[in-house]
$ cat work24.cif   # mmCIF, C-alpha atoms, pLDDT in the B column; chains and numbers go by the auth columns
data_coords
loop_
_atom_site.group_PDB
_atom_site.id
_atom_site.type_symbol
_atom_site.label_atom_id
_atom_site.label_comp_id
_atom_site.label_asym_id
_atom_site.label_seq_id
_atom_site.Cartn_x
_atom_site.Cartn_y
_atom_site.Cartn_z
_atom_site.B_iso_or_equiv
_atom_site.auth_seq_id
_atom_site.auth_asym_id
ATOM 1 C CA MET A 1 -16.997 -16.795 -12.440 83.00 1 A
ATOM 2 C CA ILE A 2 -19.304 -13.914 -11.560 86.00 2 A
ATOM 3 C CA ASP A 3 -22.087 -16.292 -10.536 85.00 3 A
ATOM 4 C CA SER A 4 -19.800 -18.466 -8.434 86.00 4 A
ATOM 5 C CA SER A 5 -17.942 -15.612 -6.702 89.00 5 A
ATOM 6 C CA GLU A 6 -18.721 -14.575 -3.163 90.00 6 A
ATOM 7 C CA ASP A 7 -19.938 -10.997 -2.867 91.00 7 A
ATOM 8 C CA ASP A 8 -16.818 -9.929 -0.965 90.00 8 A
ATOM 9 C CA ASP A 9 -14.588 -11.156 -3.806 90.00 9 A
ATOM 10 C CA LEU A 10 -16.627 -9.887 -6.755 92.00 10 A
ATOM 11 C CA PRO A 11 -15.372 -6.283 -7.189 91.00 11 A
ATOM 12 C CA GLN A 12 -11.750 -7.456 -6.943 90.00 12 A
ATOM 13 C CA LEU A 13 -12.412 -10.234 -9.481 92.00 13 A
ATOM 14 C CA VAL A 14 -13.913 -7.809 -11.980 92.00 14 A
ATOM 15 C CA PHE A 15 -11.229 -5.165 -11.444 93.00 15 A
ATOM 16 C CA ASP A 16 -8.438 -7.726 -11.859 91.00 16 A
ATOM 17 C CA ASN A 17 -9.982 -8.848 -15.134 91.00 17 A
ATOM 18 C CA LEU A 18 -10.234 -5.262 -16.345 93.00 18 A
ATOM 19 C CA LEU A 19 -6.674 -4.551 -15.247 91.00 19 A
ATOM 20 C CA GLN A 20 -5.486 -7.457 -17.387 90.00 20 A
ATOM 21 C CA ASN A 21 -6.995 -5.664 -20.382 88.00 21 A
ATOM 22 C CA VAL A 22 -4.868 -2.619 -19.583 89.00 22 A
ATOM 23 C CA GLY A 23 -1.788 -4.740 -18.933 81.00 23 A
ATOM 24 C CA ASP A 24 1.429 -2.734 -18.806 83.00 24 A
ATOM 25 C CA ASN A 25 0.098 -0.249 -21.336 75.00 25 A
ATOM 26 C CA TYR A 26 -0.388 2.641 -18.899 80.00 26 A
ATOM 27 C CA LYS A 27 0.500 5.247 -21.516 87.00 27 A
ATOM 28 C CA ASN A 28 -2.720 4.280 -23.282 93.00 28 A
ATOM 29 C CA GLU A 29 -4.724 3.499 -20.157 94.00 29 A
ATOM 30 C CA PHE A 30 -7.213 6.320 -20.722 96.00 30 A
ATOM 31 C CA ASN A 31 -7.888 5.299 -24.333 96.00 31 A
ATOM 32 C CA ILE A 32 -8.212 1.638 -23.387 95.00 32 A
ATOM 33 C CA VAL A 33 -10.593 2.275 -20.500 96.00 33 A
ATOM 34 C CA THR A 34 -12.763 4.748 -22.392 97.00 34 A
ATOM 35 C CA SER A 35 -13.122 2.225 -25.234 96.00 35 A
ATOM 36 C CA TRP A 36 -14.949 -0.145 -22.843 96.00 36 A
ATOM 37 C CA ASN A 37 -18.664 -0.125 -22.160 97.00 37 A
ATOM 38 C CA LYS A 38 -19.866 2.226 -19.416 98.00 38 A
ATOM 39 C CA SER A 39 -20.259 -0.588 -16.871 97.00 39 A
ATOM 40 C CA ARG A 40 -16.639 -1.679 -17.157 97.00 40 A
ATOM 41 C CA GLN A 41 -15.473 1.925 -17.091 97.00 41 A
ATOM 42 C CA ALA A 42 -17.472 2.590 -13.930 98.00 42 A
ATOM 43 C CA ILE A 43 -16.052 -0.305 -11.919 97.00 43 A
ATOM 44 C CA TYR A 44 -12.474 0.389 -13.038 97.00 44 A
ATOM 45 C CA ILE A 45 -12.666 4.121 -12.333 97.00 45 A
ATOM 46 C CA ILE A 46 -14.406 3.711 -8.974 97.00 46 A
ATOM 47 C CA TRP A 47 -11.784 1.166 -7.937 96.00 47 A
ATOM 48 C CA LEU A 48 -9.028 3.670 -8.750 96.00 48 A
ATOM 49 C CA LEU A 49 -10.818 6.471 -6.914 98.00 49 A
ATOM 50 C CA GLU A 50 -11.368 4.397 -3.780 96.00 50 A
ATOM 51 C CA GLY A 51 -7.813 3.121 -3.710 96.00 51 A
ATOM 52 C CA GLU A 52 -6.265 6.544 -4.096 97.00 52 A
ATOM 53 C CA VAL A 53 -8.572 8.479 -1.761 97.00 53 A
ATOM 54 C CA ASN A 54 -8.414 5.808 0.940 95.00 54 A
ATOM 55 C CA ASN A 55 -4.621 5.779 0.677 95.00 55 A
ATOM 56 C CA GLY A 56 -3.748 9.453 0.275 95.00 56 A
ATOM 57 C CA GLY A 57 -6.890 11.483 -0.247 96.00 57 A
ATOM 58 C CA PHE A 58 -8.131 13.367 -3.270 97.00 58 A
ATOM 59 C CA ASN A 59 -4.746 15.065 -3.526 96.00 59 A
ATOM 60 C CA GLN A 60 -3.175 11.683 -4.317 96.00 60 A
ATOM 61 C CA PHE A 61 -6.002 10.762 -6.704 97.00 61 A
ATOM 62 C CA TYR A 62 -5.422 13.861 -8.825 97.00 62 A
ATOM 63 C CA PHE A 63 -1.624 13.669 -8.570 95.00 63 A
ATOM 64 C CA ASN A 64 -1.376 10.079 -9.796 93.00 64 A
ATOM 65 C CA SER A 65 -2.382 8.821 -13.222 92.00 65 A
ATOM 66 C CA SER A 66 -5.823 7.995 -11.834 95.00 66 A
ATOM 67 C CA GLY A 67 -6.554 11.719 -11.983 96.00 67 A
ATOM 68 C CA GLN A 68 -6.899 11.462 -15.741 97.00 68 A
ATOM 69 C CA PHE A 69 -10.300 9.882 -15.056 98.00 69 A
ATOM 70 C CA SER A 70 -11.505 12.645 -12.734 98.00 70 A
ATOM 71 C CA GLU A 71 -14.106 14.034 -15.130 98.00 71 A
ATOM 72 C CA LEU A 72 -15.573 10.548 -15.606 98.00 72 A
ATOM 73 C CA VAL A 73 -15.867 9.788 -11.889 98.00 73 A
ATOM 74 C CA PRO A 74 -19.225 11.477 -11.171 98.00 74 A
ATOM 75 C CA ASP A 75 -20.985 9.596 -13.974 98.00 75 A
ATOM 76 C CA ALA A 76 -19.339 6.317 -12.964 98.00 76 A
ATOM 77 C CA LEU A 77 -20.600 6.773 -9.415 98.00 77 A
ATOM 78 C CA LYS A 78 -24.101 7.720 -10.595 98.00 78 A
ATOM 79 C CA ARG A 79 -24.164 4.623 -12.786 98.00 79 A
ATOM 80 C CA ILE A 80 -23.903 2.318 -9.750 98.00 80 A
ATOM 81 C CA GLY A 81 -26.297 4.422 -7.661 98.00 81 A
ATOM 82 C CA ALA A 82 -23.748 6.277 -5.519 98.00 82 A
ATOM 83 C CA ILE A 83 -25.457 9.645 -5.930 98.00 83 A
ATOM 84 C CA LYS A 84 -23.928 11.327 -2.869 98.00 84 A
ATOM 85 C CA PHE A 85 -20.436 10.167 -3.837 98.00 85 A
ATOM 86 C CA ALA A 86 -21.068 11.492 -7.360 98.00 86 A
ATOM 87 C CA ASP A 87 -21.979 14.885 -5.953 98.00 87 A
ATOM 88 C CA LEU A 88 -18.867 14.867 -3.768 98.00 88 A
ATOM 89 C CA ALA A 89 -16.634 13.933 -6.710 98.00 89 A
ATOM 90 C CA GLY A 90 -18.129 16.730 -8.786 98.00 90 A
ATOM 91 C CA ARG A 91 -17.427 19.259 -6.048 98.00 91 A
ATOM 92 C CA ALA A 92 -13.878 17.926 -5.593 98.00 92 A
ATOM 93 C CA ASN A 93 -13.314 18.225 -9.358 98.00 93 A
ATOM 94 C CA ALA A 94 -14.537 21.817 -9.327 98.00 94 A
ATOM 95 C CA THR A 95 -12.253 22.693 -6.421 98.00 95 A
ATOM 96 C CA TYR A 96 -9.294 21.002 -8.082 97.00 96 A
ATOM 97 C CA GLN A 97 -9.855 23.005 -11.257 97.00 97 A
ATOM 98 C CA LEU A 98 -10.409 26.264 -9.394 97.00 98 A
ATOM 99 C CA GLU A 99 -7.468 25.778 -7.004 95.00 99 A
ATOM 100 C CA TYR A 100 -5.158 23.911 -9.422 95.00 100 A
ATOM 101 C CA ASP A 101 -2.261 26.351 -9.136 94.00 101 A
ATOM 102 C CA LYS A 102 -2.318 26.278 -5.338 93.00 102 A
ATOM 103 C CA ILE A 103 -2.713 22.497 -5.121 94.00 103 A
ATOM 104 C CA THR A 104 0.059 21.721 -7.600 92.00 104 A
ATOM 105 C CA GLU A 105 2.418 24.563 -6.674 92.00 105 A
ATOM 106 C CA HIS A 106 4.902 22.278 -4.897 91.00 106 A
ATOM 107 C CA GLN A 107 4.340 19.131 -6.970 91.00 107 A
ATOM 108 C CA ASP A 108 7.675 19.127 -8.759 91.00 108 A
ATOM 109 C CA GLY A 109 8.013 15.365 -9.136 87.00 109 A
ATOM 110 C CA THR A 110 9.815 14.907 -5.828 88.00 110 A
ATOM 111 C CA LEU A 111 8.512 13.197 -2.721 89.00 111 A
ATOM 112 C CA GLU A 112 9.194 16.374 -0.781 93.00 112 A
ATOM 113 C CA GLY A 113 7.150 18.450 -3.211 91.00 113 A
ATOM 114 C CA PHE A 114 4.277 15.985 -3.157 90.00 114 A
ATOM 115 C CA SER A 115 4.326 15.893 0.651 93.00 115 A
ATOM 116 C CA LYS A 116 4.357 19.680 0.800 93.00 116 A
ATOM 117 C CA SER A 117 1.295 19.811 -1.490 92.00 117 A
ATOM 118 C CA TYR A 118 -0.755 18.419 1.411 93.00 118 A
ATOM 119 C CA GLU A 119 -0.212 21.578 3.467 92.00 119 A
ATOM 120 C CA ASN A 120 -3.377 23.719 3.535 91.00 120 A
ATOM 121 C CA ASN A 121 -4.774 21.718 0.643 95.00 121 A
ATOM 122 C CA PRO A 122 -8.350 22.754 -0.243 96.00 122 A
ATOM 123 C CA LEU A 123 -9.162 19.135 -1.128 97.00 123 A
ATOM 124 C CA ASP A 124 -8.762 17.968 2.490 95.00 124 A
ATOM 125 C CA VAL A 125 -12.380 18.694 3.342 96.00 125 A
ATOM 126 C CA TYR A 126 -13.496 16.221 0.667 98.00 126 A
ATOM 127 C CA ASP A 127 -11.383 13.424 2.124 97.00 127 A
ATOM 128 C CA ASP A 128 -13.272 13.490 5.421 94.00 128 A
ATOM 129 C CA GLU A 129 -16.590 13.668 3.633 97.00 129 A
ATOM 130 C CA PHE A 130 -15.596 10.723 1.427 97.00 130 A
ATOM 131 C CA TYR A 131 -14.868 8.537 4.457 95.00 131 A
ATOM 132 C CA ASP A 132 -18.060 9.633 6.210 96.00 132 A
ATOM 133 C CA LEU A 133 -20.217 8.873 3.167 96.00 133 A
ATOM 134 C CA TYR A 134 -19.552 5.146 3.532 92.00 134 A
ATOM 135 C CA LYS A 135 -22.085 5.248 6.378 92.00 135 A
ATOM 136 C CA GLU A 136 -24.753 6.299 3.872 94.00 136 A
ATOM 137 C CA GLU A 137 -23.633 4.715 0.597 95.00 137 A
ATOM 138 C CA ASN A 138 -21.486 1.602 0.689 94.00 138 A
ATOM 139 C CA LEU A 139 -19.493 1.694 -2.530 95.00 139 A
ATOM 140 C CA ILE A 140 -18.554 -1.973 -2.329 94.00 140 A
ATOM 141 C CA ASP A 141 -22.168 -3.091 -1.860 95.00 141 A
ATOM 142 C CA LEU A 142 -23.317 -0.822 -4.674 97.00 142 A
ATOM 143 C CA GLN A 143 -20.658 -2.231 -6.997 96.00 143 A
ATOM 144 C CA ILE A 144 -21.581 -5.812 -6.108 95.00 144 A
ATOM 145 C CA LYS A 145 -25.255 -5.148 -6.783 96.00 145 A
ATOM 146 C CA TYR A 146 -24.437 -3.387 -10.051 97.00 146 A
ATOM 147 C CA ILE A 147 -22.134 -6.144 -11.298 95.00 147 A
ATOM 148 C CA ARG A 148 -24.678 -8.847 -10.486 95.00 148 A
ATOM 149 C CA LEU A 149 -27.473 -6.937 -12.253 96.00 149 A
ATOM 150 C CA HIS A 150 -25.292 -6.206 -15.303 96.00 150 A
ATOM 151 C CA LYS A 151 -23.070 -9.267 -15.403 94.00 151 A
ATOM 152 C CA GLY A 152 -23.297 -9.521 -19.190 94.00 152 A
ATOM 153 C CA ASP A 153 -21.378 -6.244 -19.423 96.00 153 A
ATOM 154 C CA PHE A 154 -18.387 -7.864 -17.727 93.00 154 A
ATOM 155 C CA ILE A 155 -18.160 -11.102 -19.684 86.00 155 A
ATOM 156 C CA ASN A 156 -15.305 -11.273 -22.186 77.00 156 A
#

$ encode --input "work24.cif" --output "structure tokens"
Amino acid sequence: MIDSSEDDDLPQLVFDNLLQNVGDNYKNEFNIVTSWNKSRQAIYIIWLLEGEVNNGGFNQFYFNSSGQFSELVPDALKRIGAIKFADLAGRANATYQLEYDKITEHQDGTLEGFSKSYENNPLDVYDDEFYDLYKEENLIDLQIKYIRLHKGDFIN
């Protein structure tokens, strides 16, 4: 399927396959994903990062269950050659850890609390940088190239 897939469809194909391995077992998602080889981990984690940041910024990434992978993100990005994104993710992680109390102060499990956590959020600066970096490093193209070069890592 990897060989016959169009480039535009390839990351989605691989992610969907990986997601099937997680199934509905989100309580054990971290253990499942970290049991995979580094190639599978990278594509899965990058997909989560992109989806969350493009939808609601780094604040949403850390707030949702995807945040459990935050420490693995820089290495996942380096693995596919996204060096500038890896640096950005490392800086966002450091800010999140340093400013955790401020960022999560209003996150009480309600929509109102989550919405309020966006006010004066120190992660905002990383959102803009994330979007701008696509001009220099195309995460989709890097994932496609990586999957094609390492297709054996994705075969069940």

$ atom_distance --input "work24.cif" --atom1 "atom CA of Ser115 of chain A" --atom2 "atom CA of Tyr96 of chain A"
17.0 Å

$ residues_around --input "work24.cif" --residues "Gln60 of chain A" --least-positions-apart "5" --cutoff "10 Å" --atoms "only C-alpha atoms" --output "PyMOL selection string"
chain A and resi 49+51-55+65-67+114-115+117-118

$ closest_residue --input "work24.cif" --among "A:Leu19, A:Leu142, A:Ile155, A:Leu149" --to "Gly81 of chain A" --atoms "all atoms listed in the file"
A:Leu142

$ resolve_selection --input "work24.cif" --expression "the PyMOL selection byres ((chain A and resi 107) around 12)" --output "VMD selection string"
chain A and resid 59 to 60 62 to 64 100 to 106 108 to 119

$ resolve_selection --input "work24.cif" --expression "the PyMOL selection byres ((chain A and resi 72) around 10)" --output "ChimeraX atom specification"
/A:34,41-42,45-46,67-71,73-77,86,89-90

$ atom_distance --input "work24.cif" --atom1 "atom CA of Asn21 of chain A" --atom2 "atom CA of Lys78 of chain A"
23.8 Å

$ atom_distance --input "work24.cif" --atom1 "atom CA of Asp24 of chain A" --atom2 "atom CA of Ser4 of chain A"
28.4 Å

$ closest_residue --input "work24.cif" --among "A:Asp153, A:Ile147, A:Ala82, A:Gly56" --to "Tyr126 of chain A" --atoms "all atoms listed in the file"
A:Gly56

$ closest_residue --input "work24.cif" --among "A:Leu88, A:Met1, A:Leu48, A:Val14" --to "Asp132 of chain A" --atoms "all atoms listed in the file"
A:Leu88

$ closest_residue --input "work24.cif" --among "A:Phe85, A:Trp36, A:Phe130, A:Phe154" --to "Val22 of chain A" --atoms "only C-alpha atoms"
A:Trp36

$ closest_residue --input "work24.cif" --among "A:Ile43, A:Asp87, A:Gly23, A:Asp3" --to "Glu129 of chain A" --atoms "all atoms listed in the file"
A:Asp87

$ closest_residue --input "work24.cif" --among "A:Asn121, A:Ile32, A:Asp16, A:Ser39" --to "Gly152 of chain A" --atoms "only C-alpha atoms"
A:Ser39

$ residues_around --input "work24.cif" --residues "Pro11 of chain A" --least-positions-apart "5" --cutoff "10 Å" --atoms "only C-alpha atoms" --output "list in words"
Ile2, Ser5, Glu6, Asp16, Asn17, Ile43, Tyr44, Trp47, Ile140, Asp141, Leu142, Gln143, Ile144, Lys145, Tyr146 and Ile147 of chain A

$ residues_around --input "work24.cif" --residues "Leu123 of chain A" --least-positions-apart "4" --cutoff "7 Å" --atoms "all atoms listed in the file" --output "PyMOL selection string"
chain A and resi 58-59+92+127

$ write_last_selection --input "work24.cif" --atoms "C-alpha atoms" --output "short mmCIF file (atom, residue, chain, number, x, y, z; two decimals), in the coordinates of the input"
data_model
loop_
_atom_site.label_atom_id
_atom_site.label_comp_id
_atom_site.auth_asym_id
_atom_site.auth_seq_id
_atom_site.Cartn_x
_atom_site.Cartn_y
_atom_site.Cartn_z
CA PHE A 58 -8.13 13.37 -3.27
CA ASN A 59 -4.75 15.06 -3.53
CA ALA A 92 -13.88 17.93 -5.59
CA ASP A 127 -11.38 13.42 2.12
#

$ build_atoms --input "work24.cif" --residues "segment 111-127 of chain A" --atoms "N, CA, C and O atoms" --output "short mmCIF file (atom, residue, chain, number, x, y, z; two decimals), in the coordinates of the input"
data_model
loop_
_atom_site.label_atom_id
_atom_site.label_comp_id
_atom_site.auth_asym_id
_atom_site.auth_seq_id
_atom_site.Cartn_x
_atom_site.Cartn_y
_atom_site.Cartn_z
N LEU A 111 9.32 13.61 -3.87
CA LEU A 111 8.51 13.20 -2.72
C LEU A 111 8.29 14.37 -1.78
O LEU A 111 7.20 14.56 -1.24
N GLU A 112 9.30 15.20 -1.64
CA GLU A 112 9.19 16.37 -0.78
C GLU A 112 8.13 17.34 -1.30
O GLU A 112 7.32 17.87 -0.55
N GLY A 113 8.13 17.56 -2.61
CA GLY A 113 7.15 18.45 -3.21
C GLY A 113 5.74 17.91 -3.07
O GLY A 113 4.80 18.66 -2.78
N PHE A 114 5.59 16.60 -3.30
CA PHE A 114 4.28 15.98 -3.16
C PHE A 114 3.81 16.08 -1.71
O PHE A 114 2.66 16.45 -1.45
N SER A 115 4.68 15.79 -0.77
CA SER A 115 4.33 15.89 0.65
C SER A 115 3.92 17.32 1.02
O SER A 115 2.95 17.53 1.74
N LYS A 116 4.66 18.28 0.50
CA LYS A 116 4.36 19.68 0.80
C LYS A 116 3.00 20.10 0.22
O LYS A 116 2.33 20.98 0.75
N SER A 117 2.57 19.45 -0.86
CA SER A 117 1.30 19.81 -1.49
C SER A 117 0.10 19.48 -0.61
O SER A 117 -1.02 19.93 -0.87
N TYR A 118 0.32 18.73 0.47
CA TYR A 118 -0.76 18.42 1.41
C TYR A 118 -1.01 19.55 2.40
O TYR A 118 -2.04 19.59 3.06
N GLU A 119 -0.07 20.49 2.51
CA GLU A 119 -0.21 21.58 3.47
C GLU A 119 -1.29 22.56 3.00
O GLU A 119 -1.24 23.06 1.89
N ASN A 120 -2.27 22.79 3.84
CA ASN A 120 -3.38 23.72 3.54
C ASN A 120 -4.03 23.41 2.19
O ASN A 120 -4.36 24.31 1.43
N ASN A 121 -4.21 22.14 1.92
CA ASN A 121 -4.77 21.72 0.64
C ASN A 121 -6.30 21.84 0.69
O ASN A 121 -6.94 21.27 1.57
N PRO A 122 -6.89 22.57 -0.25
CA PRO A 122 -8.35 22.75 -0.24
C PRO A 122 -9.14 21.47 -0.51
O PRO A 122 -10.36 21.47 -0.34
N LEU A 123 -8.46 20.40 -0.89
CA LEU A 123 -9.16 19.14 -1.13
C LEU A 123 -9.38 18.34 0.16
O LEU A 123 -10.17 17.39 0.17
N ASP A 124 -8.69 18.72 1.24
CA ASP A 124 -8.76 17.97 2.49
C ASP A 124 -10.19 17.76 2.98
O ASP A 124 -10.54 16.69 3.48
N VAL A 125 -11.01 18.77 2.85
CA VAL A 125 -12.38 18.69 3.34
C VAL A 125 -13.15 17.56 2.65
O VAL A 125 -14.02 16.93 3.27
N TYR A 126 -12.81 17.28 1.41
CA TYR A 126 -13.50 16.22 0.67
C TYR A 126 -13.07 14.83 1.12
O TYR A 126 -13.84 13.88 1.02
N ASP A 127 -11.84 14.72 1.62
CA ASP A 127 -11.38 13.42 2.12
C ASP A 127 -12.26 12.97 3.29
O ASP A 127 -12.74 11.84 3.30
#
